[in-house]
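Colleague: Quick one: structure below, then a few questions.
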Amino acid sequence: MHFEYQIEGGNFTRAGFASSEIKKMMKQLNVDMGVIKRTVVSTYEAEVNVVAHAFSGTIYVDLDEEKIVIQLQDQGPGIPDIDQAMKEGFSTASSAVREMGFGAGMGLPNIKRNADDFQITSEVNKGTNVKITMFFNK
Amino acid sequence: MVMDTKYFHHALKFRKDVCIGCSHCMSVCPTYAIRIRDGKADLLDNYCVDCGRCYRACPVGAIIVEQDDLRQIFNYSKRVAIIPSVLMGQFPSSVSITQVTSVLMELGFTHVYEVEHGVEVLKSQMSEYISENTDIRPLISTFCPAIVRLIQVRFPNLTPNLILLKSPLDIAAAYYNKKLIDEGNKAEEIGIFYITPCAAKIAAVKSPVGQKNSPITGVINMDYIFNKVYTAVKQGFPGKDSRIFPSRDPLKSSGITWPATNGEAAHMPGRTLAIDEINNVIEFLEQLENEENQDIDFLELRACDESCAGGILTSSNRFYTVERLKKRAQRSENKEKDNNYRYVNPGPIIEYKEFLKQNLAIKKIQPRSMEKLDENISLAMKKMEQVHEILDNLPYVDCGICGSPTCSVLAEDIVQGHANINQCIYVQKNLEQKGDLTSLQSMEILKKIWGKDKFEDKQ
């Protein structure tokens, strides 16, 4: 099954909608609770990243009975140094974003830690593409 | 819906003979546990968490809260009424606890004891539990039985976060039972009766979660007791010739406000939040599931607005009740501070603290998700695809004419074989226009959902 969700940059009010939809579907599929938790945490984190840094983005969700693949494509500044961005504690979030409780610099490493498979590509001044894969029988 | 074992005892009963099939209950049910069939509301037992929203919404009193017969107290020679502080909060300040106690004794009880004495034992233990179990955050109170059930069915991920300690009610009941036994009474002579402000507490007593048996013998509804007591008080009881029973153990201020919102959270360590009203709780828990690094230590969650003061079996306005509880707590606090006041503090329950502490733990609470479409993931996947296909043809109006509360729920009901897409009025109109359904057939479908009576020509 395939689903798409739009993300609006800078609008935290709507952040989490896609994560909640994904969570609901995984519950309906009776997927292990631990897997659901890791999926939702990493998707939410990735969604918030797009809201915090990009102008807009799209989440593509592909779901079958073995796995869920979540791709987040954004149009935004991109990440100049992915290796640095993958370090815990690194953050470029503005102070306004931090005050809202986001941007502790835990984003990308945290997504990687929770995901079964994590891939990231980015082009400066164009955007970032994050791919999270979760397997249900783990 | 997967229909298998019946998990819960429900105190809420739907009277088919009174129900007019108006669907008000279906619209307000936060767990989508109600459908309309043959003109009557139908409760899906395993989805219901006993929050009581339906009870409030019913305009004809077709939903009742089943209670034990007051006369059954006379099967015991020691008849203990365990009353929550919310009961005292029902009365205007001119009514004293001595009056209330006296009327309860007149009704046949031999002992009256307030639930929240149990808080004296629980408060410090719960605080320690939160400080010790640092690996789980946030820890969630198990005080409200409707919330415990809600987490089991809708937020199974969060069952490990539930605090595995008994409620003040169970502690108070265990104490009083032990005390009476130590005074030389036989266990079978002792009947402990709880005066409840809500249906969820009844369900918790009749089918406890995390415990084998409840120490409570029976449950009497608070509105029933309130009416008896208030009538007696209005008629001048206790008069000059009546026996008067002073209530001996005064409650501490923290106990008095424990069942009100922030009653627990105010006393727990770290970052705490208190959330009341079940839809607020659902909204919050939905978000909580998405986040990983929570720095909240303790969550107090209550199903009713204004917590137990808003219980469905209360008679007084919940805001007055809370104000009375706070005033009483203030009076109590002033006395606690007054060194000259000979205050038996915190009461004899403390003598049993060690015994009660040993029996404080409850067993792990099991999740029992009701969201899954099928146990088997391949089948669940197929069903989910079907649900989405069906949803494409539904209007997302959530009108409820089909007998299910929302379009998504109808889609699931169809996939599970409990409903038909023709029940949707929009689908019916489309089919009629295409000539695939006659208006007679369409009428038959509606009659099957809403009952024949609703379509009779009244003129």
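By convention here, the chains of the structure tokens are called A, B, ... in the order presented, each chain's residues are numbered starting at 1, and ligands are numbered starting at 1 in the order presented.
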Do me a favour and pick out the residues of chain B within 10 Å of chain A, using only C-alpha atoms, as a ChimeraX atom specification.
Modeller: /B:1,154-158,286-293,367,369-385,388
Colleague: Within 12 Å of B:Ser96, counting only C-alpha atoms, which residues qualify if same-chain residues fewer than 3 places away don't, as a PDB file with C-alpha atoms, in the first residue's frame?
Modeller:
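For reference, part_23.pdb as written:
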```pdb
ATOM      1  CA  LEU B  87     -19.059  12.013  48.831  1.00  0.00           C
ATOM      2  CA  MET B  88     -18.556  14.655  51.525  1.00  0.00           C
ATOM      3  CA  GLY B  89     -17.903  17.144  48.710  1.00  0.00           C
ATOM      4  CA  GLN B  90     -21.460  16.585  47.457  1.00  0.00           C
ATOM      5  CA  PHE B  91     -22.982  18.350  50.435  1.00  0.00           C
ATOM      6  CA  PRO B  92     -23.132  22.059  51.201  1.00  0.00           C
ATOM      7  CA  SER B  93     -20.757  23.077  53.967  1.00  0.00           C
ATOM      8  CA  GLN B  99     -24.264  14.069  60.094  1.00  0.00           C
ATOM      9  CA  VAL B 100     -23.355  12.031  57.035  1.00  0.00           C
ATOM     10  CA  THR B 101     -21.730   9.325  59.146  1.00  0.00           C
ATOM     11  CA  SER B 102     -24.753   9.191  61.423  1.00  0.00           C
ATOM     12  CA  VAL B 103     -27.151   8.711  58.518  1.00  0.00           C
ATOM     13  CA  VAL B 229     -28.466  10.989  53.215  1.00  0.00           C
ATOM     14  CA  TYR B 230     -29.573  14.373  51.923  1.00  0.00           C
ATOM     15  CA  VAL B 233     -30.578  15.652  56.616  1.00  0.00           C
ATOM     16  CA  PHE B 237     -31.815  13.987  60.976  1.00  0.00           C
ATOM     17  CA  PRO B 238     -29.909  13.459  63.160  1.00  0.00           C
ATOM     18  CA  ILE B 244     -24.766  10.590  66.696  1.00  0.00           C
ATOM     19  CA  PHE B 245     -21.557   9.053  65.452  1.00  0.00           C
ATOM     20  CA  PRO B 246     -18.630  11.371  65.188  1.00  0.00           C
ATOM     21  CA  SER B 247     -16.148  10.438  62.501  1.00  0.00           C
ATOM     22  CA  ARG B 328     -11.870  21.144  53.587  1.00  0.00           C
TER      23      ARG B 328
END
```
Colleague: Where in stretch 219-322 of chain B does DSSP assign helix (DSSP H, G or I), given as a PDB file with N, CA and C atoms, in the first residue's frame?
Modeller:
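Okay, this is what ended up in states10.pdb:
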```pdb
ATOM      1  N   MET B 222     -23.053   6.255  44.406  1.00  0.00           N
ATOM      2  CA  MET B 222     -23.031   7.453  45.232  1.00  0.00           C
ATOM      3  C   MET B 222     -24.319   8.258  45.156  1.00  0.00           C
ATOM      4  N   ASP B 223     -24.924   8.331  43.967  1.00  0.00           N
ATOM      5  CA  ASP B 223     -26.150   9.137  43.867  1.00  0.00           C
ATOM      6  C   ASP B 223     -27.257   8.556  44.745  1.00  0.00           C
ATOM      7  N   TYR B 224     -27.295   7.230  44.827  1.00  0.00           N
ATOM      8  CA  TYR B 224     -28.287   6.548  45.653  1.00  0.00           C
ATOM      9  C   TYR B 224     -28.088   6.909  47.135  1.00  0.00           C
ATOM     10  N   ILE B 225     -26.828   6.826  47.569  1.00  0.00           N
ATOM     11  CA  ILE B 225     -26.510   7.143  48.961  1.00  0.00           C
ATOM     12  C   ILE B 225     -26.723   8.641  49.233  1.00  0.00           C
ATOM     13  N   PHE B 226     -26.303   9.471  48.280  1.00  0.00           N
ATOM     14  CA  PHE B 226     -26.455  10.921  48.445  1.00  0.00           C
ATOM     15  C   PHE B 226     -27.920  11.273  48.676  1.00  0.00           C
ATOM     16  N   ASN B 227     -28.791  10.699  47.849  1.00  0.00           N
ATOM     17  CA  ASN B 227     -30.211  11.007  47.986  1.00  0.00           C
ATOM     18  C   ASN B 227     -30.769  10.563  49.335  1.00  0.00           C
ATOM     19  N   LYS B 228     -30.351   9.376  49.783  1.00  0.00           N
ATOM     20  CA  LYS B 228     -30.801   8.886  51.100  1.00  0.00           C
ATOM     21  C   LYS B 228     -30.333   9.827  52.206  1.00  0.00           C
ATOM     22  N   VAL B 229     -29.044  10.175  52.145  1.00  0.00           N
ATOM     23  CA  VAL B 229     -28.466  10.989  53.215  1.00  0.00           C
ATOM     24  C   VAL B 229     -29.053  12.399  53.197  1.00  0.00           C
ATOM     25  N   TYR B 230     -29.130  12.986  52.002  1.00  0.00           N
ATOM     26  CA  TYR B 230     -29.573  14.373  51.923  1.00  0.00           C
ATOM     27  C   TYR B 230     -31.045  14.500  52.318  1.00  0.00           C
ATOM     28  N   THR B 231     -31.840  13.502  51.946  1.00  0.00           N
ATOM     29  CA  THR B 231     -33.234  13.506  52.362  1.00  0.00           C
ATOM     30  C   THR B 231     -33.327  13.477  53.890  1.00  0.00           C
ATOM     31  N   ALA B 232     -32.541  12.583  54.502  1.00  0.00           N
ATOM     32  CA  ALA B 232     -32.560  12.475  55.961  1.00  0.00           C
ATOM     33  C   ALA B 232     -32.131  13.788  56.606  1.00  0.00           C
ATOM     34  N   VAL B 233     -31.075  14.391  56.058  1.00  0.00           N
ATOM     35  CA  VAL B 233     -30.578  15.652  56.616  1.00  0.00           C
ATOM     36  C   VAL B 233     -31.637  16.749  56.477  1.00  0.00           C
ATOM     37  N   LYS B 234     -32.256  16.814  55.310  1.00  0.00           N
ATOM     38  CA  LYS B 234     -33.300  17.818  55.073  1.00  0.00           C
ATOM     39  C   LYS B 234     -34.473  17.638  56.022  1.00  0.00           C
ATOM     40  N   SER B 253      -4.932  16.736  54.532  1.00  0.00           N
ATOM     41  CA  SER B 253      -5.296  17.574  53.387  1.00  0.00           C
ATOM     42  C   SER B 253      -4.955  16.894  52.055  1.00  0.00           C
ATOM     43  N   SER B 254      -3.805  16.222  51.987  1.00  0.00           N
ATOM     44  CA  SER B 254      -3.424  15.593  50.717  1.00  0.00           C
ATOM     45  C   SER B 254      -4.396  14.478  50.333  1.00  0.00           C
ATOM     46  N   GLY B 255      -4.961  13.808  51.335  1.00  0.00           N
ATOM     47  CA  GLY B 255      -5.935  12.764  51.056  1.00  0.00           C
ATOM     48  C   GLY B 255      -7.236  13.342  50.526  1.00  0.00           C
ATOM     49  N   ILE B 256      -7.656  14.454  51.136  1.00  0.00           N
ATOM     50  CA  ILE B 256      -8.943  15.056  50.757  1.00  0.00           C
ATOM     51  C   ILE B 256      -8.975  15.424  49.279  1.00  0.00           C
ATOM     52  N   THR B 257      -7.876  15.996  48.781  1.00  0.00           N
ATOM     53  CA  THR B 257      -7.880  16.451  47.387  1.00  0.00           C
ATOM     54  C   THR B 257      -7.313  15.412  46.416  1.00  0.00           C
ATOM     55  N   ALA B 265      -0.551  14.406  41.267  1.00  0.00           N
ATOM     56  CA  ALA B 265       0.623  15.017  40.619  1.00  0.00           C
ATOM     57  C   ALA B 265       1.310  16.025  41.531  1.00  0.00           C
ATOM     58  N   ALA B 266       0.521  16.749  42.336  1.00  0.00           N
ATOM     59  CA  ALA B 266       1.097  17.775  43.200  1.00  0.00           C
ATOM     60  C   ALA B 266       2.079  17.190  44.209  1.00  0.00           C
ATOM     61  N   HIS B 267       1.949  15.891  44.495  1.00  0.00           N
ATOM     62  CA  HIS B 267       2.795  15.294  45.532  1.00  0.00           C
ATOM     63  C   HIS B 267       3.895  14.403  44.983  1.00  0.00           C
ATOM     64  N   ILE B 278     -11.438  12.335  29.356  1.00  0.00           N
ATOM     65  CA  ILE B 278     -10.881  11.242  28.555  1.00  0.00           C
ATOM     66  C   ILE B 278     -10.421  11.665  27.166  1.00  0.00           C
ATOM     67  N   ASN B 279     -11.105  12.610  26.519  1.00  0.00           N
ATOM     68  CA  ASN B 279     -10.641  13.027  25.189  1.00  0.00           C
ATOM     69  C   ASN B 279      -9.340  13.824  25.270  1.00  0.00           C
ATOM     70  N   ASN B 280      -9.188  14.588  26.349  1.00  0.00           N
ATOM     71  CA  ASN B 280      -7.909  15.276  26.571  1.00  0.00           C
ATOM     72  C   ASN B 280      -6.798  14.259  26.771  1.00  0.00           C
ATOM     73  N   VAL B 281      -7.123  13.209  27.517  1.00  0.00           N
ATOM     74  CA  VAL B 281      -6.130  12.167  27.795  1.00  0.00           C
ATOM     75  C   VAL B 281      -5.728  11.466  26.494  1.00  0.00           C
ATOM     76  N   ILE B 282      -6.724  11.137  25.656  1.00  0.00           N
ATOM     77  CA  ILE B 282      -6.441  10.451  24.393  1.00  0.00           C
ATOM     78  C   ILE B 282      -5.539  11.328  23.511  1.00  0.00           C
ATOM     79  N   GLU B 283      -5.881  12.599  23.418  1.00  0.00           N
ATOM     80  CA  GLU B 283      -5.089  13.518  22.603  1.00  0.00           C
ATOM     81  C   GLU B 283      -3.645  13.559  23.086  1.00  0.00           C
ATOM     82  N   PHE B 284      -3.493  13.623  24.387  1.00  0.00           N
ATOM     83  CA  PHE B 284      -2.145  13.702  24.958  1.00  0.00           C
ATOM     84  C   PHE B 284      -1.365  12.405  24.726  1.00  0.00           C
ATOM     85  N   LEU B 285      -2.007  11.276  24.954  1.00  0.00           N
ATOM     86  CA  LEU B 285      -1.309   9.989  24.807  1.00  0.00           C
ATOM     87  C   LEU B 285      -0.932   9.721  23.354  1.00  0.00           C
ATOM     88  N   GLU B 286      -1.796  10.164  22.426  1.00  0.00           N
ATOM     89  CA  GLU B 286      -1.470  10.033  21.001  1.00  0.00           C
ATOM     90  C   GLU B 286      -0.127  10.693  20.717  1.00  0.00           C
ATOM     91  N   GLN B 287       0.039  11.891  21.261  1.00  0.00           N
ATOM     92  CA  GLN B 287       1.281  12.615  21.023  1.00  0.00           C
ATOM     93  C   GLN B 287       2.450  11.982  21.767  1.00  0.00           C
ATOM     94  N   LEU B 288       2.168  11.539  22.965  1.00  0.00           N
ATOM     95  CA  LEU B 288       3.213  10.930  23.795  1.00  0.00           C
ATOM     96  C   LEU B 288       3.843   9.727  23.096  1.00  0.00           C
ATOM     97  N   GLU B 289       3.011   8.958  22.383  1.00  0.00           N
ATOM     98  CA  GLU B 289       3.513   7.771  21.691  1.00  0.00           C
ATOM     99  C   GLU B 289       4.515   8.128  20.590  1.00  0.00           C
ATOM    100  N   ASN B 290       4.406   9.333  20.048  1.00  0.00           N
ATOM    101  CA  ASN B 290       5.289   9.739  18.951  1.00  0.00           C
ATOM    102  C   ASN B 290       6.670  10.153  19.427  1.00  0.00           C
ATOM    103  N   SER B 307     -11.857  15.266  37.295  1.00  0.00           N
ATOM    104  CA  SER B 307     -11.570  13.973  37.932  1.00  0.00           C
ATOM    105  C   SER B 307     -12.800  13.402  38.641  1.00  0.00           C
ATOM    106  N   CYS B 308     -12.611  12.833  39.843  1.00  0.00           N
ATOM    107  CA  CYS B 308     -13.711  12.106  40.485  1.00  0.00           C
ATOM    108  C   CYS B 308     -14.872  13.020  40.890  1.00  0.00           C
ATOM    109  N   ALA B 309     -14.586  14.329  41.019  1.00  0.00           N
ATOM    110  CA  ALA B 309     -15.677  15.264  41.319  1.00  0.00           C
ATOM    111  C   ALA B 309     -16.676  15.274  40.161  1.00  0.00           C
ATOM    112  N   GLY B 310     -16.208  14.886  38.980  1.00  0.00           N
ATOM    113  CA  GLY B 310     -17.075  14.836  37.805  1.00  0.00           C
ATOM    114  C   GLY B 310     -17.563  13.432  37.494  1.00  0.00           C
ATOM    115  N   ARG B 318     -19.705  19.604  39.647  1.00  0.00           N
ATOM    116  CA  ARG B 318     -18.316  19.216  39.925  1.00  0.00           C
ATOM    117  C   ARG B 318     -17.436  20.371  40.382  1.00  0.00           C
ATOM    118  N   PHE B 319     -17.755  21.576  39.940  1.00  0.00           N
ATOM    119  CA  PHE B 319     -16.912  22.710  40.319  1.00  0.00           C
ATOM    120  C   PHE B 319     -17.148  23.094  41.786  1.00  0.00           C
ATOM    121  N   TYR B 320     -18.396  22.986  42.232  1.00  0.00           N
ATOM    122  CA  TYR B 320     -18.676  23.186  43.662  1.00  0.00           C
ATOM    123  C   TYR B 320     -17.954  22.120  44.484  1.00  0.00           C
ATOM    124  N   THR B 321     -18.020  20.881  43.982  1.00  0.00           N
ATOM    125  CA  THR B 321     -17.410  19.783  44.737  1.00  0.00           C
ATOM    126  C   THR B 321     -15.918  20.030  44.936  1.00  0.00           C
ATOM    127  N   VAL B 322     -15.248  20.430  43.859  1.00  0.00           N
ATOM    128  CA  VAL B 322     -13.807  20.667  43.950  1.00  0.00           C
ATOM    129  C   VAL B 322     -13.525  21.795  44.935  1.00  0.00           C
TER     130      VAL B 322
END
```
Colleague: Quote the spacing between atom CA of A:Asp117 and atom CA of A:Lys131 in Å to one decimal place.
Modeller: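 Distance between the two atoms: 7.9 Å.
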Colleague: As a list in words, please: the residues near B:Ile82 (cut-off 6 Å, only C-alpha atoms, same-chain neighbours under 4 positions excluded).
Modeller: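 Answer for this query is Tyr113, Glu114, Val115, Phe193 and Tyr194 of chain B.
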Colleague: Those residues you just picked out, can you put them in a file as a short mmCIF file (atom, residue, chain, number, x, y, z; two decimals), in the first residue's frame with N, CA, C and O atoms?
Modeller:
```cif
data_model
loop_
_atom_site.label_atom_id
_atom_site.label_comp_id
_atom_site.auth_asym_id
_atom_site.auth_seq_id
_atom_site.Cartn_x
_atom_site.Cartn_y
_atom_site.Cartn_z
N TYR B 113 -15.63 4.65 56.93
CA TYR B 113 -14.21 4.98 56.82
C TYR B 113 -13.96 5.65 55.49
O TYR B 113 -14.55 5.28 54.48
N GLU B 114 -13.10 6.65 55.48
CA GLU B 114 -12.86 7.37 54.22
C GLU B 114 -11.72 6.74 53.42
O GLU B 114 -10.66 6.41 53.96
N VAL B 115 -11.97 6.58 52.12
CA VAL B 115 -11.04 5.94 51.19
C VAL B 115 -9.63 6.52 51.30
O VAL B 115 -8.64 5.80 51.33
N PHE B 193 -18.11 -2.24 51.86
CA PHE B 193 -18.90 -1.67 50.76
C PHE B 193 -18.40 -0.30 50.37
O PHE B 193 -18.25 0.57 51.22
N TYR B 194 -18.15 -0.17 49.10
CA TYR B 194 -17.61 1.08 48.59
C TYR B 194 -18.73 1.93 47.99
O TYR B 194 -19.56 1.43 47.24
#
```
Colleague: Mind giving me the straight-line distance from atom CA of A:Gly76 to atom CA of A:Asn125 in Å, one decimal?
Modeller: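 Between atom CA of A:Gly76 and atom CA of A:Asn125 the gap is 6.1 Å.
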Colleague: Between atom CA of B:Gln330 and atom CA of B:Ala173, what is the distance in Å, rounded to a tenth?
Modeller: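 It comes out at 25.9 Å.
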